[in-house]
Amino acid sequence: MTRLITTLLLCMLCYTAMAQQPLPNDYLQKEFHKGRREALRKMMPANSVAVIFAYPERVFSRDVTYAYHPNPDLYYFSGYKEPNAVLLIFKDMQQGTDGAYNELFFVQKRNALMERWSGRRLGVEGVKKQLGFTHVYNDEAFANYPLDLKKFSQVLYDALPDDAGAGMLQTLINAFKQKAGIQKSMSKHLVEDYTILLKYSSVANIAARVNRFKTRMAQLQDEEYKKDPLLNELIQQPDSATFVKVIAELKQKSFESYAYNELVGLLREIKTPEELELMRKSSYYSAMAHVEVMKAIHPAMSETELMGTFEYIHKKYGAEGEGYPPIVGAGANGCILHYIENNVTQVNNQLVLMDVASEYHGYSSDVTRTVPANGKFTAEQRAIYQLVLEAQEAVIALCKEGTPYPQLNAKATEVLANGLVKLGIIKDVKEVGQYYIHGVSHHVGLDVHDKFSSTVLKENMVLTVEPGLYIPKGSNCDPKWWDIAVRIEDVIVIGKTSGENISAAAPRTIDAVEKMAAQKSKLNELQLPAFK
């Protein structure tokens with residue numbers, strides 16, 4: 001009894017302390033999350049259930065974990081941000097021993113001692129009160145809860161994590177498999193490439209897809225993936241007829257996570273007014289960080305210091321962090337798409353490509369600017385930058401309802417290819433792939449590469465537009481172009497007749513960038529004592 005009273009007192013103290021602390025007042029409300037569950041329920045097939053797990057905690061160093069990042073889907077549908085949980089959303093009302101329900105939520109159990117060490121937990125009562133659920137239970141109750149998932153016509157779920165460890169999350173996953181009669185999950189690598197074939201592939205990029213499959217088959221220790229008949233058929237006959245045949249078979253093939261992600265993608269690809277407000281804030285804060293970095297940058301700065309400047313401005317505005325690992329690449333480092341070492345001690349008189357953006361209340365922006373460290377573009381840098389800017393402007397002009405999504409990259413490729421021919425960097429437009437090595441756009445939101453399902457642009461989608469050119473040393477062109485890397489990236493809200501650039505506060509034109517770089521940052525006045 002004494003232990004129980006002590007535990008209750010500790011829990012009350014935790015809630016009291018939390019109530020006394022001022023917190024942001026613009027989090028998504030429980031009504032938003034309930035509305036998203038209702039929207040999913042309307043789209044779900046008859047006699048179906050959707051099952052959404054929390055993400056695993058991941059080790060940073062020995063007994064220290066990374067700051068926890070919730071599963072964006074679980075947050076989207078519930079507002080829950082803790083590990084060790086599973087949410088079930090039913091198409092129809094169910095009858096249980098404790099009454100009728102159309103959703104069940106099993107959440108991390110409260111533990112007064114652990115909460116003193118690693119933070120407060122909502123627990124069953126907190127989830128009921130703050131998130132608006134009625135049928136909520138401790139996570140450990142899921143295994144014995146009387147629920148036969150095999151009776152449903154379709155069980156919708158995302159690919160199950162294979163790094164859940166031996167703790168409660170794995171216990172939840174094991175119980176789910178038993179209740180649903182799942183003997184073996186499909187290879188996650190196969191799920192990934194099936195999805196890529198169905199959603200991101202066309203006759204035009206068969207060769208690139210086949211190269212991906214060959215590389216992964218050589219690298220992965222995954223026999224199911226290596227022996228897959230559909231992938232191997234396309235490898236053996238990489239032509240349009242085989243591609244069409246494989247796609248047709250995949251569309252008839254029911255595989256793990258595809259049906260789930262099709263439905264969730266249809267919801268998440270269209271941002272609600274509440275989401276758009278958070279996206280605008282995140283993008284504005286990101287843009288203002290780029291503004292401050294343009295003012296602060298000088299040749300003696302390090303990539304690390306530039307990265308830290310972004311992070312400081314984001315947090316000064318109240319953002320929780322960055323939406324992805326910051327990319328700050330000086331000179332040749334800018335030619336590496338996902339360069340994250342950021343350890344060059346002096347950027348010198350080079351172009352610095354900076355792909356850094358904030359995450360605000362779960363919503364990531366994605367903004368890139370390329371800036372000369374000395375404040376002035378050289379003639380060659382200016383020519384490449386202007387070409388990339390022209391490609392971006394041409395694509396932004398297409399960002400309106402009704403535009404086929406593939407048309408965006410086709411336009412970027414056309415502008416960049418013709419421009420490179422005019423500059424004498426390539427002889428034929430077909431060679432553009434040597435220097436333009438990625439797509440021009442992706443959805444952005446709760447994931448920086450956000451979920452989507454549609455292939456035609458719709459109002460209130462949020463996309464990036466990010467053309468880039470990367471000319472590494474040794475390229476087959478005049479050496480005066482070597483080690484020039486330029487990417488310009490903005491976040492665009494799709495409208496009925498035009499797009500809205502919500503990161504436009506960061507200068508983009510050559511004159512605007514140079515003018516901003518000529519200004520001084522107060523941050524440069526900070527002088528710290530040297531280590532002795």
# chains A, B, ... in the order shown; residues from 1 in each chain; ligands from 1

$ select_by_dssp --residues "range 138-344 of chain A" --states "strand (DSSP E or B)" --output "ChimeraX atom specification"
/A:138,154-157,321-322,327-330

$ closest_atom_pairs --of "range 238-352 of chain A" --to "range 360-373 of chain A" --cutoff "6 Å" --atoms "only C-alpha atoms" --output "tab-separated table"
residue	atom	partner	partner_atom	distance
A:Ser282	CA	A:Tyr360	CA	5.3
A:Ser283	CA	A:Ser365	CA	5.1
A:Ile297	CA	A:Ala373	CA	5.8
A:His298	CA	A:Ala373	CA	5.0
A:Pro299	CA	A:Ala373	CA	5.2
A:Ala319	CA	A:Tyr360	CA	4.6
A:Glu320	CA	A:Tyr360	CA	5.9
A:Gly323	CA	A:Ser364	CA	4.7
A:Asn349	CA	A:Ala373	CA	5.5
A:Gln350	CA	A:Ala373	CA	5.7
A:Leu351	CA	A:Pro372	CA	4.2
A:Val352	CA	A:Val371	CA	5.3

$ select_by_dssp --residues "range 121-190 of chain A" --states "alpha helix (DSSP H)" --output "PyMOL selection string"
chain A and resi 123-131+168-180+188-190

$ closest_residue --among "A:Leu457, A:Leu267, A:Leu104, A:Ile396" --to "Gly132 in chain A" --atoms "only C-alpha atoms"
A:Leu104

$ residues_around --residues "Ala296 in chain A" --least-positions-apart "5" --cutoff "7 Å" --atoms "only C-alpha atoms" --output "PyMOL selection string"
chain A and resi 520-521+523-524

$ closest_residue --among "A:Lys458, A:Lys515, A:Lys177, A:Lys81" --to "Leu398 in chain A" --atoms "only C-alpha atoms"
A:Lys458

$ atom_distance --atom1 "CA of Asp239 in chain A" --atom2 "CA of Asp428 in chain A"
23.6 Å

$ closest_atom_pairs --of "range 88-138 of chain A" --to "range 35-52 of chain A" --cutoff "6 Å" --atoms "only C-alpha atoms" --output "Markdown table"
| residue | atom | partner | partner_atom | distance |
| --- | --- | --- | --- | --- |
| A:Leu88 | CA | A:Val51 | CA | 4.6 |
| A:Ile89 | CA | A:Ala50 | CA | 5.1 |
| A:Phe90 | CA | A:Val49 | CA | 4.4 |
| A:Lys91 | CA | A:Arg41 | CA | 5.2 |

$ residues_around --residues "Val264 in chain A" --least-positions-apart "4" --cutoff "10 Å" --atoms "only C-alpha atoms" --output "list in words"
Arg36, Ala39, Leu40, Met43, Met44, Asp73, Tyr76, Phe77, Asp158, Tyr258, Ala259, Tyr260, Arg268, Glu269, Lys451, Phe452 and Ser453 of chain A

$ residues_around --residues "range 504-509 of chain A" --least-positions-apart "2" --cutoff "10 Å" --atoms "only C-alpha atoms" --output "PyMOL selection string"
chain A and resi 283-292+294+367-371+385-386+389-390+488-492+500-502+511-517

$ closest_residue --among "A:Gln108, A:Ser202, A:Ser78, A:Ser257" --to "Ala159 in chain A" --atoms "only C-alpha atoms"
A:Ser257

$ atom_distance --atom1 "CA of Pro229 in chain A" --atom2 "CA of Ala204 in chain A"
21.9 Å

$ atom_distance --atom1 "CA of Val246 in chain A" --atom2 "CA of Leu231 in chain A"
8.2 Å

$ residues_around --residues "Lys109 in chain A" --least-positions-apart "6" --cutoff "9 Å" --atoms "only C-alpha atoms" --output "list of chain:residue names"
A:Asn84, A:Arg121, A:Leu122, A:Gly123, A:Val124, A:Tyr137, A:Asn138, A:Asp139, A:Glu140

$ closest_residue --among "A:Thr464, A:Asn211, A:Thr378, A:Asn476" --to "Gly499 in chain A" --atoms "only C-alpha atoms"
A:Thr464

$ closest_residue --among "A:Leu446, A:Ala248, A:Ala485, A:Ile206" --to "Tyr75 in chain A" --atoms "only C-alpha atoms"
A:Leu446

$ residues_around --residues "Gly96 in chain A" --least-positions-apart "4" --cutoff "10 Å" --atoms "only C-alpha atoms" --output "PyMOL selection string"
chain A and resi 100-101+145-147
